[in-house]
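Colleague: Sending over a structure as structure tokens; questions will come in a sec.
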Amino acid sequence: MNAPISPVANSSVANSPVAKSPTENTAHAKLPHTTAAVSISQKLPTPAELRQRVALSDPLSAQIARQRHAVQQILSGHDDRLLVVVGPCSVHDPDAALEYADRLAALSEEVSEHILPVMRVYVEKPRTTVGWKGLAYDPDLDGCGDMPRGLALSRELMHAVASRGLPVATELLQPMLAPYLDDLLSWVAIGARTTESQLHRELASDLRAAVGFKNATSGDVQVAIDAMSAAAHPHQRFAVDAHGHPIVQQTAGNAHTHVVLRGGHGEPNYQANHVRAATAALRTAGQNPRLMVDCSHANARKDHRRQSEVMLDVLAQRQAGEASLVALMLESHLFEGKQPLKPGAMRYGVSVTDACIGWETTEHLLKTAAERLA
């Protein structure tokens with residue numbers, strides 16, 4: 001399946017006079033040496049090929065359709081359970097992710113009357129500058145970028161999580177990745193850095209899963225409200241079909257979108273005054289006023305241990321009658337904290353991106369929420 005990687009010289013270098021003329025090379029021998037830029041390419045499976053290889057059975061497809069509907073019912077106010085998107089900041093070890101899934105599936109049965117847990121299976125990682133970009137891009141954690149294996153592993157992992165009875169959530173960062181995975185998803189995040197992107201708004205308009213748009217990293221909520229409005233409408237968008245052919249796609253529009261409050265510039269925006277301001281702005285725009293609060297990131301002031309504090313505050317607001325707070329997000333792993341990316345010297349069940357709360361804290365929080373919402 002994997003085609004050999006073949007370097008292709010940069011055309012601007014190949015066509016330069018220096019490259020063509022030995023005489024001129026001699027004449028300019030004192031110029032500083034530069035390394036020619038090189039690009040490489042590698043063939044990927046098509047979405048159709050990967051969907052055939054890791055196929056959904058009819059019962060599993062029906063389960064995912066029911067779970068999507070359940071998520072949408074909460075977000076539309078027709079189900080009074082609390083939606084909780086919970087799991088690792090990003091998955092790098094499928095074995096640890098599946099152990100987490102087993103624990104969450106068992107806990108889900110205990111709290112299902114009052115909470116709908118959805119597992120984060122994030123296989124792409126947005127970077128402020130550079131760094132490990134996620135399981136789909138670099139499954140071996142060594143910078144080699146074996147994307148054919150990463151795509152297959154990502155789909156296999158999501159399939160395995162869904163097969164355990166759990167709804168699956170992810171952030172879609174690269175629009176071309178969506179057709180490899182979107183049939184497995186019950187909820188999708190569009191991140192703070194991409195909520196303002198026209199391409200991601202058009203992508204959201206074509207998804208059958210509910211989509212949460214995060215407020216901007218500055219804390220601006222209006223960009224997420226604008227994204228909801230854009231995603232609700234049909235679009236003609238450039239896309240690639242299941243067989244890898246470029247197409248013009250007519251999207252249907254997505255009525256199941258909402259805002260995710262994640263704080264901004266290190267300052268939280270989950271408190272009651274921020275919630276009231278966000279819901280008022282949503283109603284003014286004619287959009288769904290129901291909100292998810294991301295308990296991590298700026299809301300936790302980048303301290304993973306403060307996620308508990310954020311969640312308990314949101315629960316208190318909800319108990320006090322704030323009906324717009326219908327969903328939460330937690331970054332959680334088997335064990336607390338994070339670790340540097342050192343292949344061969346990794347601690348099992350510990351995040352390699354944002355620090356997470358551990359399983360014991362996660363279990364306590366979800367059971368506490370279920371008790372308070374009873």
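The chains in the structure tokens are called A, B, ... from first to last as shown; in each chain the residues are counted from 1, and the ligands are counted from 1 in the order shown.
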Please return, as a PyMOL selection string, all residues of region 306-374 of chain A that DSSP assigns to helix (DSSP H, G or I) on the basis of the backbone.

Modeller: chain A and resi 306-319+359-373

Colleague: Show which residues sit within 9 Å of Ala285 (chain A), as an MDAnalysis selection string. Count only C-alpha atoms, and ignore same-chain residues fewer than 6 positions away.

Modeller: chainID A and resid 225:226 229

Colleague: Under the rule of at most 12 Å, produce a per-residue listing of region 183-261 of chain A near region 36-52 of chain A: chain, number, name, the closest pair of atoms, and the distance in Å, as CSV, using only C-alpha atoms.

Modeller:
```
residue,atom,partner,partner_atom,distance
A:Asp183,CA,A:Arg51,CA,9.0
A:Leu184,CA,A:Arg51,CA,10.2
A:Val240,CA,A:Pro47,CA,9.2
A:Asp241,CA,A:Pro47,CA,7.9
A:Ala242,CA,A:Ala48,CA,4.8
A:His243,CA,A:Thr46,CA,5.5
A:Gly244,CA,A:Thr46,CA,5.5
A:His245,CA,A:Thr46,CA,9.2
A:Pro246,CA,A:Thr46,CA,11.9
```

Colleague: Keeping N, CA and C atoms for every residue in the selection just given, could you write it to a file as a compact mmCIF listing (two decimals), in the first residue's frame?

Modeller:
```txt
# COMPACT_ATOMS: atom_id res chain seq x y z
N ASP A 183 -17.85 8.89 9.67
CA ASP A 183 -18.97 7.96 9.88
C ASP A 183 -18.95 7.33 11.27
N LEU A 184 -17.85 7.53 12.02
CA LEU A 184 -17.71 6.97 13.36
C LEU A 184 -18.03 7.98 14.46
N VAL A 240 -12.92 16.19 -1.66
CA VAL A 240 -12.41 14.98 -2.31
C VAL A 240 -13.38 13.86 -1.98
N ASP A 241 -13.82 13.13 -3.00
CA ASP A 241 -14.80 12.08 -2.75
C ASP A 241 -14.13 10.84 -2.16
N ALA A 242 -14.95 9.81 -1.89
CA ALA A 242 -14.44 8.62 -1.21
C ALA A 242 -13.38 7.89 -2.00
N HIS A 243 -13.29 8.16 -3.30
CA HIS A 243 -12.31 7.49 -4.15
C HIS A 243 -11.12 8.38 -4.48
N GLY A 244 -11.04 9.52 -3.79
CA GLY A 244 -9.88 10.39 -3.95
C GLY A 244 -9.97 11.38 -5.09
N HIS A 245 -11.15 11.54 -5.70
CA HIS A 245 -11.30 12.48 -6.81
C HIS A 245 -11.75 13.84 -6.30
N PRO A 246 -11.17 14.91 -6.82
CA PRO A 246 -11.64 16.24 -6.43
C PRO A 246 -13.04 16.50 -6.97
```

Colleague: Given only C-alpha atoms as the basis, pick out the residue of A:Val86, A:Leu207, A:Cys295, A:Ala374 nearest to Gln319 (chain A).

Modeller: A:Ala374

Colleague: Near Leu135 (chain A), within 8 Å and counting only C-alpha atoms, which residues show up once chain neighbours fewer than 4 positions away are dropped, as a ChimeraX atom specification?

Modeller: /A:91-92,123-124,139-141,150-151,153-154

Colleague: For the residues in that selection, give me N, CA and C atoms as a PDB file, in the first residue's frame.

Modeller:
```pdb
ATOM      1  N   VAL A  91      -4.715  11.091  21.767  1.00  0.00           N
ATOM      2  CA  VAL A  91      -4.348   9.683  21.958  1.00  0.00           C
ATOM      3  C   VAL A  91      -3.036   9.399  21.234  1.00  0.00           C
ATOM      4  N   HIS A  92      -2.122   8.781  21.945  1.00  0.00           N
ATOM      5  CA  HIS A  92      -0.854   8.392  21.326  1.00  0.00           C
ATOM      6  C   HIS A  92      -0.587   6.905  21.480  1.00  0.00           C
ATOM      7  N   VAL A 123      -7.166  12.500  17.341  1.00  0.00           N
ATOM      8  CA  VAL A 123      -6.021  11.956  16.594  1.00  0.00           C
ATOM      9  C   VAL A 123      -5.270  13.039  15.831  1.00  0.00           C
ATOM     10  N   GLU A 124      -5.716  14.285  15.970  1.00  0.00           N
ATOM     11  CA  GLU A 124      -4.999  15.437  15.418  1.00  0.00           C
ATOM     12  C   GLU A 124      -4.757  16.422  16.554  1.00  0.00           C
ATOM     13  N   PRO A 139       2.156   8.094  14.020  1.00  0.00           N
ATOM     14  CA  PRO A 139       1.774   7.074  15.002  1.00  0.00           C
ATOM     15  C   PRO A 139       2.942   6.485  15.772  1.00  0.00           C
ATOM     16  N   ASP A 140       4.153   6.585  15.225  1.00  0.00           N
ATOM     17  CA  ASP A 140       5.325   6.015  15.897  1.00  0.00           C
ATOM     18  C   ASP A 140       6.035   7.029  16.803  1.00  0.00           C
ATOM     19  N   LEU A 141       5.522   8.248  16.845  1.00  0.00           N
ATOM     20  CA  LEU A 141       6.041   9.292  17.742  1.00  0.00           C
ATOM     21  C   LEU A 141       7.505   9.626  17.481  1.00  0.00           C
ATOM     22  N   GLY A 150      -0.949   5.779  10.278  1.00  0.00           N
ATOM     23  CA  GLY A 150      -1.647   6.621  11.239  1.00  0.00           C
ATOM     24  C   GLY A 150      -3.138   6.726  10.952  1.00  0.00           C
ATOM     25  N   LEU A 151      -3.506   6.868   9.692  1.00  0.00           N
ATOM     26  CA  LEU A 151      -4.915   6.930   9.334  1.00  0.00           C
ATOM     27  C   LEU A 151      -5.620   5.620   9.668  1.00  0.00           C
ATOM     28  N   LEU A 153      -4.680   3.323  11.842  1.00  0.00           N
ATOM     29  CA  LEU A 153      -4.709   3.130  13.287  1.00  0.00           C
ATOM     30  C   LEU A 153      -5.777   4.011  13.929  1.00  0.00           C
ATOM     31  N   SER A 154      -5.925   5.231  13.425  1.00  0.00           N
ATOM     32  CA  SER A 154      -6.948   6.140  13.966  1.00  0.00           C
ATOM     33  C   SER A 154      -8.343   5.574  13.739  1.00  0.00           C
TER      34      SER A 154
END
```

Colleague: Based on DSSP run over this structure's backbone, return all residues of region 126-307 of chain A in strand (DSSP E or B), as a ChimeraX atom specification.

Modeller: /A:168-171,187-190,210-214,236-240,246-250,257-261,264,267,291-294

Colleague: Take the residues from that selection and write them out as a CSV table (one decimal), in the first residue's frame, keeping C-alpha atoms.

Modeller:
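After the write, again-v5.csv holds the following:
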```
chain,number,residue,atom,x,y,z
A,168,VAL,CA,-16.9,9.0,19.8
A,169,ALA,CA,-15.7,12.6,19.7
A,170,THR,CA,-12.8,14.2,17.9
A,171,GLU,CA,-11.5,17.6,16.7
A,187,TRP,CA,-19.7,14.8,18.2
A,188,VAL,CA,-17.1,17.0,16.6
A,189,ALA,CA,-15.1,20.0,17.8
A,190,ILE,CA,-13.9,22.8,15.7
A,210,ALA,CA,-23.3,17.7,16.2
A,211,VAL,CA,-20.5,20.3,16.0
A,212,GLY,CA,-19.1,22.5,18.8
A,213,PHE,CA,-17.4,25.7,17.8
A,214,LYS,CA,-14.9,27.0,20.4
A,236,GLN,CA,-20.7,24.6,-2.4
A,237,ARG,CA,-17.3,23.5,-1.3
A,238,PHE,CA,-14.2,21.9,-2.8
A,239,ALA,CA,-13.8,18.4,-1.5
A,240,VAL,CA,-12.4,15.0,-2.3
A,246,PRO,CA,-11.6,16.2,-6.4
A,247,ILE,CA,-15.3,17.3,-6.5
A,248,VAL,CA,-17.5,20.3,-5.9
A,249,GLN,CA,-19.8,19.3,-3.1
A,250,GLN,CA,-23.2,20.7,-2.2
A,257,THR,CA,-24.1,23.3,16.3
A,258,HIS,CA,-23.3,25.1,19.5
A,259,VAL,CA,-20.7,27.3,21.2
A,260,VAL,CA,-17.9,25.9,23.5
A,261,LEU,CA,-16.7,28.3,26.1
A,264,GLY,CA,-9.2,33.2,26.3
A,267,GLU,CA,-8.7,34.2,31.5
A,291,LEU,CA,-23.5,25.9,25.8
A,292,MET,CA,-20.7,23.5,26.5
A,293,VAL,CA,-18.0,24.6,28.9
A,294,ASP,CA,-14.5,23.3,28.3
```

Colleague: In Å, how far is it from CA of Leu116 (chain A) to CA of Arg81 (chain A)?

Modeller: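 About the pair CA of Leu116 (chain A) and CA of Arg81 (chain A): they are 6.6 Å apart.
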
Colleague: Between A:Ser163, A:Ser308, A:Gln174, A:Thr284, which has the minimum distance to Ile357 (chain A) (counting only C-alpha atoms)?

Modeller: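 Closest to Ile357 (chain A) of all the choices is A:Ser308.
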
Colleague: Using only C-alpha atoms, find the one residue out of A:Glu309, A:Asp79, A:Asp142, A:Glu363 that sits nearest to Val111 (chain A).

Modeller: A:Glu363

Colleague: At what distance in Å, to one decimal, does CA of Arg164 (chain A) lie from CA of Leu185 (chain A)?

Modeller: 13.9 Å

Colleague: Would you list the contacts of Ala162 (chain A) as a ChimeraX atom specification, taking every protein, DNA or RNA residue within 10 Å and counting only C-alpha atoms, but skipping same-chain residues closer than 4 positions in sequence?

Modeller: /A:56,60-61,63-64,101,105,118-119,156-158,166-168,184-186

Colleague: Could you dump the residues just selected with N, CA, C and O atoms as an mmCIF file, in the first residue's frame?

Modeller:
```
data_model
loop_
_atom_site.group_PDB
_atom_site.id
_atom_site.type_symbol
_atom_site.label_atom_id
_atom_site.label_comp_id
_atom_site.auth_asym_id
_atom_site.auth_seq_id
_atom_site.Cartn_x
_atom_site.Cartn_y
_atom_site.Cartn_z
ATOM 1 N N LEU A 56 -17.950 -0.558 9.096
ATOM 2 C CA LEU A 56 -18.983 -0.545 10.122
ATOM 3 C C LEU A 56 -20.042 -1.594 9.790
ATOM 4 O O LEU A 56 -20.533 -1.648 8.662
ATOM 5 N N LEU A 60 -23.573 -1.546 14.259
ATOM 6 C CA LEU A 60 -22.745 -0.453 14.767
ATOM 7 C C LEU A 60 -23.154 0.882 14.133
ATOM 8 O O LEU A 60 -23.194 1.912 14.820
ATOM 9 N N SER A 61 -23.480 0.876 12.856
ATOM 10 C CA SER A 61 -23.961 2.103 12.208
ATOM 11 C C SER A 61 -25.238 2.596 12.878
ATOM 12 O O SER A 61 -25.410 3.805 13.104
ATOM 13 N N GLN A 63 -26.150 2.022 15.974
ATOM 14 C CA GLN A 63 -25.787 2.527 17.304
ATOM 15 C C GLN A 63 -25.276 3.959 17.212
ATOM 16 O O GLN A 63 -25.681 4.826 18.003
ATOM 17 N N ILE A 64 -24.397 4.228 16.255
ATOM 18 C CA ILE A 64 -23.838 5.576 16.106
ATOM 19 C C ILE A 64 -24.933 6.573 15.746
ATOM 20 O O ILE A 64 -24.950 7.704 16.257
ATOM 21 N N ALA A 101 -11.236 3.452 27.539
ATOM 22 C CA ALA A 101 -12.575 3.231 26.990
ATOM 23 C C ALA A 101 -13.323 2.158 27.778
ATOM 24 O O ALA A 101 -14.529 2.293 28.040
ATOM 25 N N ALA A 105 -16.756 3.000 29.595
ATOM 26 C CA ALA A 105 -17.974 2.273 29.225
ATOM 27 C C ALA A 105 -18.665 1.711 30.462
ATOM 28 O O ALA A 105 -19.903 1.775 30.584
ATOM 29 N N VAL A 118 -19.252 10.960 26.347
ATOM 30 C CA VAL A 118 -18.755 10.774 24.985
ATOM 31 C C VAL A 118 -17.235 10.786 25.073
ATOM 32 O O VAL A 118 -16.668 11.704 25.681
ATOM 33 N N MET A 119 -16.568 9.795 24.498
ATOM 34 C CA MET A 119 -15.115 9.706 24.664
ATOM 35 C C MET A 119 -14.366 10.522 23.628
ATOM 36 O O MET A 119 -14.593 10.404 22.421
ATOM 37 N N GLU A 156 -9.147 2.408 13.157
ATOM 38 C CA GLU A 156 -9.290 1.170 13.941
ATOM 39 C C GLU A 156 -9.589 1.480 15.406
ATOM 40 O O GLU A 156 -10.425 0.822 16.038
ATOM 41 N N LEU A 157 -8.913 2.506 15.944
ATOM 42 C CA LEU A 157 -9.114 2.861 17.345
ATOM 43 C C LEU A 157 -10.527 3.403 17.570
ATOM 44 O O LEU A 157 -11.210 3.000 18.526
ATOM 45 N N MET A 158 -10.966 4.301 16.725
ATOM 46 C CA MET A 158 -12.324 4.828 16.871
ATOM 47 C C MET A 158 -13.371 3.718 16.726
ATOM 48 O O MET A 158 -14.371 3.695 17.455
ATOM 49 N N LEU A 166 -19.497 3.176 23.253
ATOM 50 C CA LEU A 166 -19.301 4.591 23.580
ATOM 51 C C LEU A 166 -19.466 5.474 22.348
ATOM 52 O O LEU A 166 -18.978 5.139 21.268
ATOM 53 N N PRO A 167 -20.120 6.637 22.495
ATOM 54 C CA PRO A 167 -20.071 7.644 21.432
ATOM 55 C C PRO A 167 -18.647 8.185 21.318
ATOM 56 O O PRO A 167 -17.937 8.295 22.319
ATOM 57 N N VAL A 168 -18.242 8.535 20.089
ATOM 58 C CA VAL A 168 -16.880 8.985 19.823
ATOM 59 C C VAL A 168 -16.885 10.457 19.434
ATOM 60 O O VAL A 168 -17.714 10.910 18.640
ATOM 61 N N LEU A 184 -17.854 7.528 12.016
ATOM 62 C CA LEU A 184 -17.715 6.970 13.358
ATOM 63 C C LEU A 184 -18.032 7.982 14.455
ATOM 64 O O LEU A 184 -18.088 7.621 15.634
ATOM 65 N N LEU A 185 -18.267 9.232 14.088
ATOM 66 C CA LEU A 185 -18.297 10.310 15.068
ATOM 67 C C LEU A 185 -19.715 10.677 15.489
ATOM 68 O O LEU A 185 -20.614 10.800 14.659
ATOM 69 N N SER A 186 -19.876 10.906 16.800
ATOM 70 C CA SER A 186 -21.144 11.381 17.345
ATOM 71 C C SER A 186 -21.098 12.855 17.722
ATOM 72 O O SER A 186 -22.144 13.484 17.885
#
```

Colleague: Interatomic distance between CA of Thr217 (chain A) and CA of Arg262 (chain A)?

Modeller: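 For CA of Thr217 (chain A) relative to CA of Arg262 (chain A), the distance reads 8.2 Å.
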